[in-house]
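Enquirer: Just one file: final-v2.txt, with compact mmCIF, C-alpha atoms.
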```txt
# COMPACT_ATOMS: atom_id res chain seq x y z
CA MET U 265 -12.35 29.60 -16.12
CA SER U 266 -8.60 29.58 -15.48
CA THR U 267 -6.39 27.51 -17.76
CA SER U 268 -4.00 26.68 -14.90
CA PRO U 269 -4.01 22.97 -14.01
CA LEU U 270 -6.13 21.88 -11.05
CA VAL U 271 -5.29 19.40 -8.28
CA PHE U 272 -7.90 17.89 -5.93
CA ILE U 273 -6.38 16.77 -2.60
CA THR U 274 -8.13 15.03 0.28
CA GLY U 275 -6.77 15.20 3.81
CA ALA U 276 -5.44 18.67 3.02
CA SER U 277 -5.69 20.13 6.53
CA SER U 278 -2.32 18.82 7.77
CA GLY U 279 0.67 16.58 7.15
CA ILE U 280 1.31 15.15 3.71
CA GLY U 281 -1.87 16.67 2.27
CA GLN U 282 -0.91 20.16 3.32
CA ALA U 283 2.65 19.73 2.06
CA LEU U 284 1.32 18.50 -1.30
CA ALA U 285 -0.99 21.52 -1.51
CA ALA U 286 1.94 23.88 -0.94
CA ARG U 287 4.13 22.15 -3.52
CA PHE U 288 1.45 22.01 -6.21
CA HIS U 289 0.62 25.67 -5.61
CA GLU U 290 4.29 26.55 -6.10
CA ALA U 291 4.19 24.60 -9.37
CA GLY U 292 1.32 26.76 -10.66
CA TYR U 293 -1.66 24.55 -9.92
CA ARG U 294 -5.01 25.75 -8.68
CA LEU U 295 -6.07 23.91 -5.54
CA ALA U 296 -9.23 22.02 -4.57
CA LEU U 297 -8.61 21.23 -0.91
CA VAL U 298 -10.75 18.73 0.96
CA ALA U 299 -10.91 17.91 4.66
CA ARG U 300 -13.23 17.61 7.63
CA ARG U 301 -11.36 20.42 9.39
CA THR U 302 -11.79 23.18 6.85
CA ALA U 303 -10.90 25.97 9.30
CA GLU U 304 -7.35 24.64 9.44
CA ILE U 305 -7.05 24.85 5.65
CA GLU U 306 -8.35 28.41 5.69
CA THR U 307 -5.83 29.38 8.38
CA TRP U 308 -3.03 27.80 6.35
CA ALA U 309 -4.11 29.55 3.13
CA ASN U 310 -4.37 32.92 4.86
CA ALA U 311 -0.93 32.49 6.46
CA ARG U 312 0.52 31.94 2.98
CA ASN U 313 -1.42 34.87 1.50
CA LEU U 314 -2.88 32.67 -1.21
CA ASP U 315 -4.93 34.42 -3.86
CA PRO U 316 -8.57 33.43 -3.13
CA ALA U 317 -9.01 32.76 -6.85
CA SER U 318 -6.31 30.08 -6.70
CA TYR U 319 -8.06 27.70 -4.31
CA GLN U 320 -11.37 26.36 -3.09
CA ILE U 321 -12.04 24.50 0.15
CA TYR U 322 -14.53 21.63 0.38
CA SER U 323 -15.81 20.12 3.60
CA ALA U 324 -16.04 16.34 3.35
CA ASP U 325 -15.38 13.12 5.23
CA VAL U 326 -14.05 10.46 2.86
CA ALA U 327 -15.45 7.76 5.16
CA GLN U 328 -18.94 9.07 4.34
CA THR U 329 -19.41 8.21 0.66
CA ASP U 330 -22.10 10.77 -0.13
CA SER U 331 -19.98 13.47 1.53
CA ILE U 332 -16.91 12.98 -0.65
CA LEU U 333 -18.99 12.41 -3.80
CA ALA U 334 -20.67 15.77 -3.19
CA ALA U 335 -17.27 17.45 -2.78
CA GLY U 336 -16.12 15.99 -6.09
CA ALA U 337 -19.24 17.18 -7.89
CA ALA U 338 -18.90 20.64 -6.34
CA CYS U 339 -15.29 20.84 -7.49
CA ILE U 340 -16.23 20.09 -11.09
CA GLU U 341 -19.02 22.67 -10.97
CA ARG U 342 -16.93 25.44 -9.40
CA GLN U 343 -13.42 24.83 -10.72
CA GLY U 344 -13.71 22.33 -13.55
CA LEU U 345 -12.39 18.81 -14.01
CA PRO U 346 -9.10 18.33 -12.12
CA ASP U 347 -5.90 17.33 -13.85
CA VAL U 348 -4.72 15.50 -10.72
CA VAL U 349 -6.75 13.83 -7.97
CA ILE U 350 -4.82 12.78 -4.86
CA ALA U 351 -6.61 10.41 -2.47
CA ASN U 352 -4.46 11.23 0.54
CA ALA U 353 -6.89 11.16 3.49
CA GLY U 354 -6.20 8.23 5.77
CA ILE U 355 -6.08 7.06 9.36
CA SER U 356 -3.60 4.90 11.22
CA VAL U 357 -4.57 3.24 14.51
CA GLY U 358 -3.20 0.20 16.27
CA ILE U 359 -5.48 -2.78 16.89
CA ASP U 360 -5.63 -5.90 19.03
CA THR U 361 -7.81 -8.70 17.70
CA THR U 362 -8.67 -9.81 21.24
CA GLU U 363 -10.47 -6.50 21.83
CA ARG U 364 -14.08 -6.27 20.58
CA GLU U 365 -13.95 -2.51 20.00
CA ASP U 366 -11.01 -2.90 17.63
CA ILE U 367 -13.25 -4.65 15.12
CA ASP U 368 -14.97 -1.27 14.77
CA VAL U 369 -11.55 0.40 14.45
CA MET U 370 -10.74 -1.99 11.59
CA ALA U 371 -14.05 -1.12 9.89
CA ARG U 372 -13.40 2.64 10.23
CA THR U 373 -9.90 2.21 8.85
CA PHE U 374 -11.14 0.44 5.74
CA ALA U 375 -14.02 2.90 5.34
CA THR U 376 -11.51 5.75 5.23
CA ASN U 377 -8.43 4.26 3.61
CA ASN U 378 -10.09 2.01 1.01
CA VAL U 379 -13.75 2.80 0.38
CA GLY U 380 -12.89 6.49 0.77
CA LEU U 381 -10.15 6.13 -1.85
CA MET U 382 -12.55 4.72 -4.43
CA ALA U 383 -15.19 7.32 -3.58
CA THR U 384 -12.60 10.09 -4.01
CA PHE U 385 -11.79 8.91 -7.53
CA HIS U 386 -15.36 8.11 -8.60
CA PRO U 387 -16.62 11.59 -9.58
CA PHE U 388 -13.72 12.12 -11.96
CA VAL U 389 -12.91 8.80 -13.67
CA ALA U 390 -15.45 8.83 -16.50
CA ALA U 391 -14.85 12.49 -17.35
CA MET U 392 -11.07 12.04 -17.30
CA ARG U 393 -11.36 9.02 -19.58
CA GLN U 394 -13.56 11.01 -21.97
CA ARG U 395 -11.05 13.88 -21.92
CA GLY U 396 -8.18 11.44 -22.43
CA SER U 397 -5.96 12.74 -19.65
CA GLY U 398 -5.55 12.93 -15.89
CA ARG U 399 -3.72 11.57 -12.87
CA LEU U 400 -5.39 9.51 -10.13
CA VAL U 401 -3.03 9.22 -7.17
CA GLY U 402 -3.43 6.76 -4.32
CA ILE U 403 -1.35 7.38 -1.21
CA ALA U 404 -0.43 3.96 0.16
CA SER U 405 2.51 3.22 2.51
CA VAL U 406 5.50 0.97 2.91
CA ALA U 407 3.32 -0.62 5.59
CA ALA U 408 1.58 -2.32 2.66
CA ILE U 409 4.62 -4.57 2.09
CA ARG U 410 4.45 -6.80 5.19
CA GLY U 411 2.07 -7.06 8.11
CA LEU U 412 3.49 -5.91 11.44
CA PRO U 413 2.24 -6.80 14.96
CA GLY U 414 -0.39 -4.35 16.19
CA HIS U 415 -0.59 -2.70 12.77
CA GLY U 416 -3.06 -5.11 11.18
CA ALA U 417 -5.71 -2.57 10.20
CA TYR U 418 -3.26 -0.08 8.72
CA CYS U 419 -1.05 -2.62 6.95
CA ALA U 420 -4.04 -4.45 5.48
CA SER U 421 -5.72 -1.24 4.35
CA LYS U 422 -2.59 0.08 2.65
CA ALA U 423 -1.98 -3.27 0.95
CA GLY U 424 -5.53 -2.84 -0.32
CA VAL U 425 -4.68 0.61 -1.67
CA VAL U 426 -1.79 -0.85 -3.67
CA ALA U 427 -3.91 -3.69 -5.08
CA TYR U 428 -6.87 -1.43 -5.88
CA CYS U 429 -4.72 1.13 -7.69
CA GLU U 430 -3.04 -1.66 -9.63
CA SER U 431 -6.46 -2.93 -10.73
CA LEU U 432 -7.63 0.55 -11.69
CA ARG U 433 -4.45 1.15 -13.64
CA GLY U 434 -5.23 -1.89 -15.77
CA GLU U 435 -8.79 -0.72 -16.32
CA LEU U 436 -7.61 2.68 -17.54
CA HIS U 437 -4.73 1.40 -19.69
CA ASN U 438 -4.43 3.34 -22.96
CA SER U 439 -7.12 5.82 -21.86
CA GLY U 440 -4.65 8.65 -21.22
CA VAL U 441 -5.51 8.57 -17.51
CA LYS U 442 -2.56 7.51 -15.35
CA VAL U 443 -2.93 5.82 -11.96
CA VAL U 444 -0.03 6.61 -9.63
CA THR U 445 0.60 4.67 -6.42
CA LEU U 446 2.85 6.43 -3.91
CA CYS U 447 4.18 4.58 -0.85
CA PRO U 448 5.59 6.99 1.72
CA GLY U 449 8.07 5.69 4.23
CA TYR U 450 8.27 7.49 7.55
CA ILE U 451 7.22 11.10 7.02
CA ASP U 452 7.36 13.64 9.83
CA THR U 453 3.66 14.47 10.26
CA PRO U 454 1.13 14.48 13.12
CA LEU U 455 0.26 10.91 12.07
CA THR U 456 3.76 9.62 12.86
CA GLN U 457 4.83 11.90 15.69
CA GLY U 458 3.09 9.70 18.26
CA ASN U 459 4.85 6.52 17.13
CA ARG U 460 6.82 4.79 19.87
CA TYR U 461 9.28 2.92 17.69
CA GLY U 462 12.25 3.81 15.51
CA MET U 463 11.53 5.40 12.13
CA PRO U 464 14.48 4.95 9.77
CA PHE U 465 15.00 7.53 7.01
CA LEU U 466 12.42 9.88 8.56
CA MET U 467 11.62 12.49 5.92
CA ARG U 468 10.21 16.02 6.03
CA ALA U 469 6.73 16.30 4.52
CA GLU U 470 7.98 19.08 2.23
CA ASP U 471 10.70 16.83 0.80
CA PHE U 472 8.19 14.04 0.25
CA ALA U 473 5.87 16.46 -1.58
CA ASP U 474 8.67 17.59 -3.88
CA GLN U 475 9.46 14.02 -4.96
CA ALA U 476 5.76 13.15 -5.16
CA LEU U 477 5.07 16.02 -7.56
CA ARG U 478 7.76 14.78 -9.94
CA ALA U 479 6.46 11.20 -9.83
CA ILE U 480 2.85 12.32 -10.38
CA GLU U 481 3.63 14.60 -13.31
CA ALA U 482 5.71 11.83 -14.90
CA GLY U 483 2.79 9.40 -14.52
CA THR U 484 4.98 6.94 -12.59
CA SER U 485 2.90 3.86 -11.80
CA TYR U 486 4.49 3.02 -8.43
CA ARG U 487 7.03 4.80 -6.28
CA VAL U 488 8.33 4.36 -2.72
CA ILE U 489 9.53 7.62 -1.17
CA PRO U 490 12.27 7.92 0.02
CA TRP U 491 14.09 5.42 -2.17
CA GLN U 492 15.97 3.97 0.81
CA MET U 493 12.67 2.69 2.20
CA GLY U 494 12.01 1.13 -1.18
CA VAL U 495 15.15 -0.96 -0.77
CA ILE U 496 14.11 -1.97 2.75
CA ALA U 497 10.63 -2.82 1.49
CA LYS U 498 12.01 -5.14 -1.19
CA LEU U 499 14.24 -6.87 1.34
CA MET U 500 11.31 -7.31 3.73
CA ARG U 501 9.19 -8.76 0.94
CA MET U 502 11.87 -11.39 0.25
CA LEU U 503 12.47 -12.22 3.92
CA PRO U 504 11.19 -15.70 4.83
CA ASN U 505 8.24 -15.64 7.22
CA ALA U 506 10.18 -17.31 10.03
CA LEU U 507 12.89 -14.64 9.89
CA LEU U 508 10.38 -11.80 9.69
CA ASP U 509 8.46 -13.14 12.68
CA ARG U 510 11.67 -13.30 14.68
CA ALA U 511 12.78 -9.83 13.59
CA VAL U 512 9.58 -8.09 14.73
CA GLN U 513 9.31 -9.81 18.10
CA GLY U 514 9.38 -7.21 20.87
CA ARG U 515 8.85 -4.32 18.46
CA ALA U 516 6.68 -1.58 19.98
CA ARG U 517 3.16 -1.58 18.61
CA LYS U 518 1.18 1.32 17.21
CA LYS U 519 -1.07 2.92 19.82
CA ARG U 520 -4.65 1.70 19.92
CA SER U 521 -7.58 4.13 19.81
CA GLY U 522 -7.73 6.08 23.07
CA GLU U 523 -4.34 4.81 24.25
CA SER U 524 -1.98 7.49 25.54
```
Spell out the structure here as structure tokens.

Expert:
Amino acid sequence: MSTSPLVFITGASSGIGQALAARFHEAGYRLALVARRTAEIETWANARNLDPASYQIYSADVAQTDSILAAGAACIERQGLPDVVIANAGISVGIDTTEREDIDVMARTFATNNVGLMATFHPFVAAMRQRGSGRLVGIASVAAIRGLPGHGAYCASKAGVVAYCESLRGELHNSGVKVVTLCPGYIDTPLTQGNRYGMPFLMRAEDFADQALRAIEAGTSYRVIPWQMGVIAKLMRMLPNALLDRAVQGRARKKRSGES
């Protein structure tokens, strides 16, 4: 089996996940790429002329626990225990609490963004602890900092990612396994291109991936990318509720499921 390091990435068919796959490949990692839309990963790999020995593709839906657990087990069997696991798969949909169907949207969001995160890590934690090394990376968002109108499901789920990763980091303290929480700001991906509000410091996915790689390899516990959004996030966290409520009045909301 190859001695090159191995990274396991969910949501690898587009956006941040695809950009991370490209950057880690450039850095000499073998790739374990996970998504529901595996044909898109194959098309991407072929377009880049990747050596078939340098990557494997796994079909899984992180919202279906047995599906992602099976992908993790298959990765260990075929490629070995990863050095880095990136729980990147996520969804972002607007909600309105007055609408019954949006309760189901909230449930799907948490199934993907939170339960799916834990299920992504599960196959690898014990073995990484036994080995004494590894990186478990949770992709959160600056949306975790404060709740915004119409963004309740996404903001709450990403706040949950931050808190969960913080808890896991404490559990794995001194084990050699690092838990890294990354909070992207606005990244130019299919997930954000439909947004109907301003996106300050919009960043290319490739530039995010470059900074993310450095933070992950350093074992940084928490990082907002780009740093300018980190400053804004801190200011928002300190803003009194009354001022925040006034500031977000009239702000365009994220589109609900099925809304054009």

Enquirer: Determine, counting only C-alpha atoms, which protein, DNA and RNA residues have an atom within 12 Å of an atom of Met502 (chain U); residues of the same chain fewer than 6 positions away are not included. Present the result as a PyMOL selection string.

Expert: chain U and resi 409-410+495-496+508

Enquirer: Could you name the residues that touch Phe374 (chain U) at 12 Å or less, counting only C-alpha atoms, but leaving out those on the same chain fewer than 6 positions away, as number ranges by chain?

Expert: U: 326-328, 353-357, 367-368, 380-382, 416-425

Enquirer: Could you give me, as CSV, every region 360-470 of chain U residue with an atom at most 12 Å from region 285-307 of chain U, plus its closest atom pair and distance in Å to one decimal, counting all atoms listed in the file, rows ordered by chain then number?

Expert:
```
residue,atom,partner,partner_atom,distance
U:Thr384,CA,U:Val298,CA,10.1
U:Ala469,CA,U:Arg287,CA,10.3
U:Glu470,CA,U:Arg287,CA,7.6
```

Enquirer: So that I can check the surroundings of region 481-488 of chain U, please list as number ranges by chain every protein, DNA and RNA residue that reaches within 12 Å of it, counting all atoms listed in the file and ignoring chain neighbours fewer than 3 positions away.

Expert: U: 269, 271, 288, 291, 293, 347-349, 397-409, 425-427, 429-434, 437, 440-451, 472, 474-478, 491-498

Enquirer: Next, the residues of the selection above should be written as a PDB file, in the frame of the given file with C-alpha atoms.

Expert:
```
ATOM      1  CA  PRO U 269      -4.010  22.970 -14.010  1.00  0.00           C
ATOM      2  CA  VAL U 271      -5.290  19.400  -8.280  1.00  0.00           C
ATOM      3  CA  PHE U 288       1.450  22.010  -6.210  1.00  0.00           C
ATOM      4  CA  ALA U 291       4.190  24.600  -9.370  1.00  0.00           C
ATOM      5  CA  TYR U 293      -1.660  24.550  -9.920  1.00  0.00           C
ATOM      6  CA  ASP U 347      -5.900  17.330 -13.850  1.00  0.00           C
ATOM      7  CA  VAL U 348      -4.720  15.500 -10.720  1.00  0.00           C
ATOM      8  CA  VAL U 349      -6.750  13.830  -7.970  1.00  0.00           C
ATOM      9  CA  SER U 397      -5.960  12.740 -19.650  1.00  0.00           C
ATOM     10  CA  GLY U 398      -5.550  12.930 -15.890  1.00  0.00           C
ATOM     11  CA  ARG U 399      -3.720  11.570 -12.870  1.00  0.00           C
ATOM     12  CA  LEU U 400      -5.390   9.510 -10.130  1.00  0.00           C
ATOM     13  CA  VAL U 401      -3.030   9.220  -7.170  1.00  0.00           C
ATOM     14  CA  GLY U 402      -3.430   6.760  -4.320  1.00  0.00           C
ATOM     15  CA  ILE U 403      -1.350   7.380  -1.210  1.00  0.00           C
ATOM     16  CA  ALA U 404      -0.430   3.960   0.160  1.00  0.00           C
ATOM     17  CA  SER U 405       2.510   3.220   2.510  1.00  0.00           C
ATOM     18  CA  VAL U 406       5.500   0.970   2.910  1.00  0.00           C
ATOM     19  CA  ALA U 407       3.320  -0.620   5.590  1.00  0.00           C
ATOM     20  CA  ALA U 408       1.580  -2.320   2.660  1.00  0.00           C
ATOM     21  CA  ILE U 409       4.620  -4.570   2.090  1.00  0.00           C
ATOM     22  CA  VAL U 425      -4.680   0.610  -1.670  1.00  0.00           C
ATOM     23  CA  VAL U 426      -1.790  -0.850  -3.670  1.00  0.00           C
ATOM     24  CA  ALA U 427      -3.910  -3.690  -5.080  1.00  0.00           C
ATOM     25  CA  CYS U 429      -4.720   1.130  -7.690  1.00  0.00           C
ATOM     26  CA  GLU U 430      -3.040  -1.660  -9.630  1.00  0.00           C
ATOM     27  CA  SER U 431      -6.460  -2.930 -10.730  1.00  0.00           C
ATOM     28  CA  LEU U 432      -7.630   0.550 -11.690  1.00  0.00           C
ATOM     29  CA  ARG U 433      -4.450   1.150 -13.640  1.00  0.00           C
ATOM     30  CA  GLY U 434      -5.230  -1.890 -15.770  1.00  0.00           C
ATOM     31  CA  HIS U 437      -4.730   1.400 -19.690  1.00  0.00           C
ATOM     32  CA  GLY U 440      -4.650   8.650 -21.220  1.00  0.00           C
ATOM     33  CA  VAL U 441      -5.510   8.570 -17.510  1.00  0.00           C
ATOM     34  CA  LYS U 442      -2.560   7.510 -15.350  1.00  0.00           C
ATOM     35  CA  VAL U 443      -2.930   5.820 -11.960  1.00  0.00           C
ATOM     36  CA  VAL U 444      -0.030   6.610  -9.630  1.00  0.00           C
ATOM     37  CA  THR U 445       0.600   4.670  -6.420  1.00  0.00           C
ATOM     38  CA  LEU U 446       2.850   6.430  -3.910  1.00  0.00           C
ATOM     39  CA  CYS U 447       4.180   4.580  -0.850  1.00  0.00           C
ATOM     40  CA  PRO U 448       5.590   6.990   1.720  1.00  0.00           C
ATOM     41  CA  GLY U 449       8.070   5.690   4.230  1.00  0.00           C
ATOM     42  CA  TYR U 450       8.270   7.490   7.550  1.00  0.00           C
ATOM     43  CA  ILE U 451       7.220  11.100   7.020  1.00  0.00           C
ATOM     44  CA  PHE U 472       8.190  14.040   0.250  1.00  0.00           C
ATOM     45  CA  ASP U 474       8.670  17.590  -3.880  1.00  0.00           C
ATOM     46  CA  GLN U 475       9.460  14.020  -4.960  1.00  0.00           C
ATOM     47  CA  ALA U 476       5.760  13.150  -5.160  1.00  0.00           C
ATOM     48  CA  LEU U 477       5.070  16.020  -7.560  1.00  0.00           C
ATOM     49  CA  ARG U 478       7.760  14.780  -9.940  1.00  0.00           C
ATOM     50  CA  TRP U 491      14.090   5.420  -2.170  1.00  0.00           C
ATOM     51  CA  GLN U 492      15.970   3.970   0.810  1.00  0.00           C
ATOM     52  CA  MET U 493      12.670   2.690   2.200  1.00  0.00           C
ATOM     53  CA  GLY U 494      12.010   1.130  -1.180  1.00  0.00           C
ATOM     54  CA  VAL U 495      15.150  -0.960  -0.770  1.00  0.00           C
ATOM     55  CA  ILE U 496      14.110  -1.970   2.750  1.00  0.00           C
ATOM     56  CA  ALA U 497      10.630  -2.820   1.490  1.00  0.00           C
ATOM     57  CA  LYS U 498      12.010  -5.140  -1.190  1.00  0.00           C
TER      58      LYS U 498
END
```

Enquirer: Counting all atoms listed in the file, which of U:Glu363, U:Asp452, U:Glu435, U:Asp471 gets nearest to Pro490 (chain U)?

Expert: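 Once distances to Pro490 (chain U) are computed over all atoms listed in the file, the minimum belongs to U:Asp471.
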
Enquirer: In Å, with one decimal, what is the gap from CA of Asn378 (chain U) to CA of Pro346 (chain U)?

Expert: 21.0 Å

Enquirer: Hey, can you check how far CA of Trp308 (chain U) sits from CA of Ser278 (chain U)?

Expert: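 Pair CA of Trp308 (chain U) / CA of Ser278 (chain U) returns 9.1 Å.
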
Enquirer: So which one's closest to Leu270 (chain U), U:Ala311, U:Ala338, U:Leu499, U:Leu345? Using only C-alpha atoms, please.

Expert: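 The answer is U:Leu345, which sits nearest to Leu270 (chain U).
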
Enquirer: Counting only C-alpha atoms, figure out which residue out of U:Ala276, U:Gly411, U:Gln394, U:Asn377 gets nearest to Asn505 (chain U).

Expert: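 Checking each of U:Ala276, U:Gly411, U:Gln394, U:Asn377 against Asn505 (chain U), counting only C-alpha atoms, the winner is U:Gly411.
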
Enquirer: To one decimal place, how far is CA of Ile332 (chain U) from CA of Val389 (chain U) in Å?

Expert: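 Interatomic distance here is 14.2 Å.
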